[in-house]
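Presented below is the structure to which this report refers.
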Amino acid sequence: MDRIKFLGDVKIRPALIQLLNLGMIISSALIIWKGLMCITGCESPVVVVLTGSMEPGFKRGDILFLHMNKEPIRAGEIVVYNVDGRDIPIVHRVIKAHERRDTGEIDILTKGDNNPVDDISLYSGGQLWLNRHHIIGRAIGYLPYVGYLTIIMTEMPIVKHLLIVVLALLVITSKE
Amino acid sequence: MIHAEVVDRIGLMGLTLTSREREEREMHSAVQRANALATIAAILLATICAAASFLDAFNSPSLQAHVQVVKINRFRRQLDGNDEVKMTLKMSMDLTSLFTWNTKQVFVFLAAEYETDTNSLNQVSLWDHIVQEKDHASFQVKVPTKYPLIDQGTNLRGKKVGLVLHWHIMPISGRMIQGKMPLSDFSLPDSYTTRS
């Protein structure tokens with residue numbers, strides 16, 4: 001009788017502490033992510049390269065660090081942009097830039113280093129140029145291979161689910 | 001009986017642990033060891049990457065380059081009303097000082113830069129090249145322009161155009177570095193030409 005009561009009391013506290021730990025980990029990760037968003041001025045300060053259109057510079061699975069500021073966009077910069085109506089951002093280099101004298105608006109043409117032609121066919125409809133509002137950010141830094149895990153998780157969701165299950169098990173069964 | 005329970009709960013120094021609890025202790029040590037190893041490896045890797053990128057900033061390049069417009073191949077007005085120029089360029093450059101041990105490749109391109117009444121700046125890339133090794137960083141080429149110079153309008157006749165060499169150092173890991181160097185200017189002909 002005594003033994004069972006004792007067991008019941010002690011088991012709840014550690015479980016709650018585990019939950020709290022998990023919550024702390026998740027919130028710290030969120031704080032870091034949102035903080036990065038503020039510092040870099042981009043909605044997604046880190047992107048994973050999905051295609052081979054910028055090889056040999058960027059390969060599939062590399063991650064890029066982005067930054068966005070008010071500086072004018074110039075030829076040679078590697079920009080990440082969204083085409084109207086499409087979700088997946090594209091990372092290519094600016095090869096032509098025309099800046100209007102009166103409005104300060106800029107017309108941009110991009111091209112992937114490894115592509116034979118420029119991106120005009122990627123822009124939506126009859127659009128000939130990209131403008132500032134299409135650009136999400138400029139690539140300023142780069143780490144190789146790190147993003148490959150994200151690609152695997154996106155293309156094979158089973159890996160993502162497996163990872164979550166394994167992580168949850170580890171957190172629950174660890175005694176501290 | 002009760003004494004043994006209490007000692008179990010406190011887990012005192014392994015002296016009175018049951019064999020099952022001893023097993024659990026060892027199992028956790030293995031996981032903890034792997035965890036510690038992975039963390040240290042990750043921190044070391046991140047430190048090396050950061051250090052490599054940091055050291056890149058101290059590289060002060062001194063490169064030389066020269067460009068010359070050999071011939072205007074085509075200078076005409078396109079069907080949609082914009083001026084278009086294609087030319088042959090002769091270029092020589094020495095980019096070896098841009099390479100550090102953390103350099104994966106150098107992307108170099110030549111831009112034609114000019115201004116017009118409507119546009120305060122026009123930058124059009126005429127030619128680009130990727131140099132992956134320091135040994136191949138010094139070279140001479142005579143090539144037709146890879147991309148035509150197309151204006152937004154018809155402002156190119158007699159226009160003075162500056163040729164600027166741009167480079168983009170892409171590292172093995174870390175921060176990317178951009179630079180540029182204005183080279184010679186040249187003036188386009190006063191009237192359209194046709195291919196001879």
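By convention here, the chains of the structure tokens are called A, B, ... in the order presented, each chain's residues are numbered starting at 1, and ligands are numbered starting at 1 in the order presented.
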Residues of stretch 57-146 of chain A in strand (DSSP E or B), written as a PyMOL selection string: chain A and resi 63-67+78-81+90-100+106-111+130+135-143
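Every chain A residue lying within 6 Å of chain B, based on only C-alpha atoms, is listed here: Ile95, Lys96, Ala97, His98, Glu99, Arg100, Arg101, Ile140, Gly141, Tyr142 and Leu143 of chain A.
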Create the file for the chosen residues now, containing C-alpha atoms and written as a PDB file, in the first residue's frame.
ATOM      1  CA  ILE A  95      23.505  40.211 -64.254  1.00  0.00           C
ATOM      2  CA  LYS A  96      21.706  43.369 -65.326  1.00  0.00           C
ATOM      3  CA  ALA A  97      20.534  46.319 -63.287  1.00  0.00           C
ATOM      4  CA  HIS A  98      18.846  49.505 -64.461  1.00  0.00           C
ATOM      5  CA  GLU A  99      18.080  52.131 -61.863  1.00  0.00           C
ATOM      6  CA  ARG A 100      15.559  54.850 -62.626  1.00  0.00           C
ATOM      7  CA  ARG A 101      16.679  58.361 -62.014  1.00  0.00           C
ATOM      8  CA  ILE A 140      26.257  37.093 -47.727  1.00  0.00           C
ATOM      9  CA  GLY A 141      27.575  33.847 -46.309  1.00  0.00           C
ATOM     10  CA  TYR A 142      27.450  30.166 -46.858  1.00  0.00           C
ATOM     11  CA  LEU A 143      27.937  26.794 -45.211  1.00  0.00           C
TER      12      LEU A 143
END
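Remark: for B:Thr96, the closest of the candidate residues B:Ser62, B:Ser187, B:Gln78, B:Ser29 is B:Ser62 (distances computed over only C-alpha atoms).
Considering only C-alpha atoms, the residue among A:Cys42, A:Leu109, A:Ala75, A:Met156 positioned nearest to A:Ile136 is A:Cys42.
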Can you list every residue of stretch 1-60 of chain A that has an atom at most 10 Å from stretch 115-119 of chain A, with its nearest atom pair and the distance in Å to one decimal, using only C-alpha atoms, ordered by chain then number, as a tab-separated table?
residue	atom	partner	partner_atom	distance
A:Gly52	CA	A:Asn115	CA	8.9
A:Ser53	CA	A:Asn115	CA	5.8
A:Met54	CA	A:Asn115	CA	7.6
A:Glu55	CA	A:Asn115	CA	9.0
Would you put the residues from that selection into a file with all heavy atoms, as a PDB file, in the first residue's frame?
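Below is the file that was written, again38.pdb:
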ATOM      1  N   GLY A  52      20.743  22.817 -58.689  1.00  0.00           N
ATOM      2  CA  GLY A  52      22.150  22.921 -59.063  1.00  0.00           C
ATOM      3  C   GLY A  52      22.430  24.083 -59.982  1.00  0.00           C
ATOM      4  O   GLY A  52      23.440  24.119 -60.664  1.00  0.00           O
ATOM      5  N   SER A  53      21.513  25.085 -59.993  1.00  0.00           N
ATOM      6  CA  SER A  53      21.663  26.145 -60.981  1.00  0.00           C
ATOM      7  C   SER A  53      22.764  27.135 -60.640  1.00  0.00           C
ATOM      8  O   SER A  53      23.072  28.005 -61.441  1.00  0.00           O
ATOM      9  CB  SER A  53      20.343  26.898 -61.142  1.00  0.00           C
ATOM     10  OG  SER A  53      19.904  27.376 -59.892  1.00  0.00           O
ATOM     11  N   MET A  54      23.337  27.041 -59.443  1.00  0.00           N
ATOM     12  CA  MET A  54      24.420  27.949 -59.115  1.00  0.00           C
ATOM     13  C   MET A  54      25.721  27.187 -58.926  1.00  0.00           C
ATOM     14  O   MET A  54      26.647  27.684 -58.316  1.00  0.00           O
ATOM     15  CB  MET A  54      24.117  28.724 -57.815  1.00  0.00           C
ATOM     16  CG  MET A  54      23.151  29.849 -57.966  1.00  0.00           C
ATOM     17  SD  MET A  54      23.755  31.177 -58.996  1.00  0.00           S
ATOM     18  CE  MET A  54      24.822  32.038 -57.865  1.00  0.00           C
ATOM     19  N   GLU A  55      25.800  25.993 -59.421  1.00  0.00           N
ATOM     20  CA  GLU A  55      27.046  25.250 -59.287  1.00  0.00           C
ATOM     21  C   GLU A  55      28.109  25.878 -60.152  1.00  0.00           C
ATOM     22  O   GLU A  55      27.792  26.531 -61.130  1.00  0.00           O
ATOM     23  CB  GLU A  55      26.814  23.799 -59.695  1.00  0.00           C
ATOM     24  CG  GLU A  55      26.087  23.032 -58.635  1.00  0.00           C
ATOM     25  CD  GLU A  55      25.991  21.555 -58.943  1.00  0.00           C
ATOM     26  OE1 GLU A  55      26.752  21.082 -59.789  1.00  0.00           O
ATOM     27  OE2 GLU A  55      25.142  20.918 -58.324  1.00  0.00           O
TER      28      GLU A  55
END
Selection: 12 Å around stretch 25-40 of chain A, only C-alpha atoms, excl. self and same-chain fewer than 3 positions, as number ranges by chain: A: 18-22, 43-46, 65-70, 136-141, 171
Please produce a file of those selected residues containing N, CA and C atoms, as an mmCIF file, in the first residue's frame.
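The resulting file, out_10.cif, is shown below:
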data_model
loop_
_atom_site.group_PDB
_atom_site.id
_atom_site.type_symbol
_atom_site.label_atom_id
_atom_site.label_comp_id
_atom_site.auth_asym_id
_atom_site.auth_seq_id
_atom_site.Cartn_x
_atom_site.Cartn_y
_atom_site.Cartn_z
ATOM 1 N N GLN A 18 10.453 17.344 -17.178
ATOM 2 C CA GLN A 18 10.791 16.996 -18.560
ATOM 3 C C GLN A 18 10.039 17.876 -19.537
ATOM 4 N N LEU A 19 8.751 18.047 -19.264
ATOM 5 C CA LEU A 19 7.913 18.856 -20.141
ATOM 6 C C LEU A 19 8.421 20.293 -20.185
ATOM 7 N N LEU A 20 8.778 20.794 -18.994
ATOM 8 C CA LEU A 20 9.286 22.153 -18.904
ATOM 9 C C LEU A 20 10.583 22.302 -19.693
ATOM 10 N N ASN A 21 11.468 21.299 -19.567
ATOM 11 C CA ASN A 21 12.722 21.315 -20.329
ATOM 12 C C ASN A 21 12.460 21.399 -21.818
ATOM 13 N N LEU A 22 11.528 20.568 -22.252
ATOM 14 C CA LEU A 22 11.190 20.553 -23.678
ATOM 15 C C LEU A 22 10.692 21.929 -24.115
ATOM 16 N N GLU A 43 12.761 37.744 -43.960
ATOM 17 C CA GLU A 43 11.777 36.833 -43.398
ATOM 18 C C GLU A 43 12.367 35.461 -43.157
ATOM 19 N N SER A 44 13.278 35.059 -44.006
ATOM 20 C CA SER A 44 13.916 33.774 -43.766
ATOM 21 C C SER A 44 15.414 33.989 -43.879
ATOM 22 N N PRO A 45 16.060 34.182 -42.751
ATOM 23 C CA PRO A 45 17.474 34.555 -42.792
ATOM 24 C C PRO A 45 18.394 33.442 -43.258
ATOM 25 N N VAL A 46 17.880 32.231 -43.281
ATOM 26 C CA VAL A 46 18.695 31.116 -43.751
ATOM 27 C C VAL A 46 17.889 30.338 -44.780
ATOM 28 N N PHE A 65 23.267 32.252 -45.849
ATOM 29 C CA PHE A 65 22.830 33.260 -44.889
ATOM 30 C C PHE A 65 22.452 34.515 -45.649
ATOM 31 N N LEU A 66 21.285 35.025 -45.345
ATOM 32 C CA LEU A 66 20.791 36.176 -46.095
ATOM 33 C C LEU A 66 20.808 37.433 -45.248
ATOM 34 N N HIS A 67 20.831 38.536 -45.944
ATOM 35 C CA HIS A 67 20.766 39.834 -45.275
ATOM 36 C C HIS A 67 20.038 40.771 -46.215
ATOM 37 N N MET A 68 19.292 41.678 -45.653
ATOM 38 C CA MET A 68 18.584 42.634 -46.511
ATOM 39 C C MET A 68 18.685 44.011 -45.899
ATOM 40 N N ASN A 69 19.082 44.988 -46.665
ATOM 41 C CA ASN A 69 19.089 46.352 -46.155
ATOM 42 C C ASN A 69 18.716 47.299 -47.275
ATOM 43 N N LYS A 70 18.807 48.593 -46.970
ATOM 44 C CA LYS A 70 18.325 49.567 -47.938
ATOM 45 C C LYS A 70 19.326 49.850 -49.057
ATOM 46 N N ILE A 136 13.931 38.896 -51.585
ATOM 47 C CA ILE A 136 13.803 38.598 -50.158
ATOM 48 C C ILE A 136 15.070 38.957 -49.409
ATOM 49 N N GLY A 137 16.213 38.733 -50.054
ATOM 50 C CA GLY A 137 17.462 39.014 -49.356
ATOM 51 C C GLY A 137 18.657 38.787 -50.258
ATOM 52 N N ARG A 138 19.809 39.227 -49.765
ATOM 53 C CA ARG A 138 21.068 39.015 -50.476
ATOM 54 C C ARG A 138 21.833 37.926 -49.755
ATOM 55 N N ALA A 139 22.501 37.066 -50.500
ATOM 56 C CA ALA A 139 23.308 36.033 -49.853
ATOM 57 C C ALA A 139 24.641 36.640 -49.441
ATOM 58 N N ILE A 140 24.976 36.536 -48.151
ATOM 59 C CA ILE A 140 26.257 37.093 -47.727
ATOM 60 C C ILE A 140 27.215 36.037 -47.193
ATOM 61 N N GLY A 141 26.692 34.869 -46.858
ATOM 62 C CA GLY A 141 27.575 33.847 -46.309
ATOM 63 C C GLY A 141 27.019 32.475 -46.610
ATOM 64 N N VAL A 171 14.231 12.457 -25.103
ATOM 65 C CA VAL A 171 13.926 13.448 -24.067
ATOM 66 C C VAL A 171 13.194 12.799 -22.904
#
I'd like to know which residues of stretch 33-91 of chain B are alpha helix (DSSP H) (by DSSP, run on the backbone); could you write them as a PyMOL selection string? chain B and resi 33-56
Now that the selection is made, can you save its residues with C-alpha atoms as a tab-separated table (two decimals), in the first residue's frame?
chain	number	residue	atom	x	y	z
B	33	ARG	CA	29.15	10.09	-24.20
B	34	ALA	CA	27.88	10.12	-27.77
B	35	ASN	CA	26.01	13.32	-27.10
B	36	ALA	CA	29.07	15.02	-25.63
B	37	LEU	CA	31.22	13.89	-28.56
B	38	ALA	CA	28.76	15.15	-31.14
B	39	THR	CA	28.44	18.50	-29.39
B	40	ILE	CA	32.19	19.02	-29.16
B	41	ALA	CA	32.63	18.02	-32.82
B	42	ALA	CA	29.94	20.46	-33.89
B	43	ILE	CA	31.43	23.29	-31.85
B	44	LEU	CA	34.92	22.62	-33.24
B	45	LEU	CA	33.61	22.57	-36.80
B	46	ALA	CA	31.73	25.81	-36.31
B	47	THR	CA	34.82	27.44	-34.80
B	48	ILE	CA	37.02	26.37	-37.71
B	49	CYS	CA	34.51	27.66	-40.24
B	50	ALA	CA	34.24	30.98	-38.44
B	51	ALA	CA	38.01	31.31	-38.12
B	52	ALA	CA	38.52	30.55	-41.81
B	53	SER	CA	36.03	33.19	-42.78
B	54	PHE	CA	37.47	35.69	-40.31
B	55	LEU	CA	40.99	35.26	-41.67
B	56	ASP	CA	39.73	35.94	-45.18
I want to know what sits within 12 Å of A:Met153, based on only C-alpha atoms, with residues of the same chain fewer than 5 positions away left out; could you give that as a compact mmCIF listing (two decimals) with N, CA and C atoms, in the first residue's frame?
# COMPACT_ATOMS: atom_id res chain seq x y z
N GLY A 61 21.81 21.40 -51.05
CA GLY A 61 22.07 21.03 -49.67
C GLY A 61 22.94 22.03 -48.92
N GLY A 147 22.57 21.89 -45.08
CA GLY A 147 21.14 21.88 -45.35
C GLY A 147 20.62 20.58 -45.94
N TYR A 148 21.50 19.63 -46.17
CA TYR A 148 21.05 18.42 -46.85
C TYR A 148 20.00 17.68 -46.03
N ILE A 158 9.07 10.54 -44.17
CA ILE A 158 9.20 9.47 -43.19
C ILE A 158 10.41 9.72 -42.28
N VAL A 159 11.46 10.32 -42.87
CA VAL A 159 12.66 10.60 -42.07
C VAL A 159 12.34 11.64 -41.01
N LYS A 160 11.54 12.64 -41.41
CA LYS A 160 11.18 13.70 -40.46
C LYS A 160 10.40 13.11 -39.29
N HIS A 161 9.42 12.24 -39.61
CA HIS A 161 8.60 11.66 -38.55
C HIS A 161 9.44 10.78 -37.64
N LEU A 162 10.34 10.01 -38.26
CA LEU A 162 11.22 9.13 -37.49
C LEU A 162 12.07 9.93 -36.53
N LEU A 163 12.61 11.06 -37.04
CA LEU A 163 13.48 11.91 -36.23
C LEU A 163 12.73 12.47 -35.02
N ILE A 164 11.48 12.90 -35.26
CA ILE A 164 10.70 13.46 -34.16
C ILE A 164 10.45 12.41 -33.10
Using only C-alpha atoms, can you tell me which of A:Val91, A:Ile106, A:Val49, A:Leu16 comes closest to A:Pro144? A:Val49
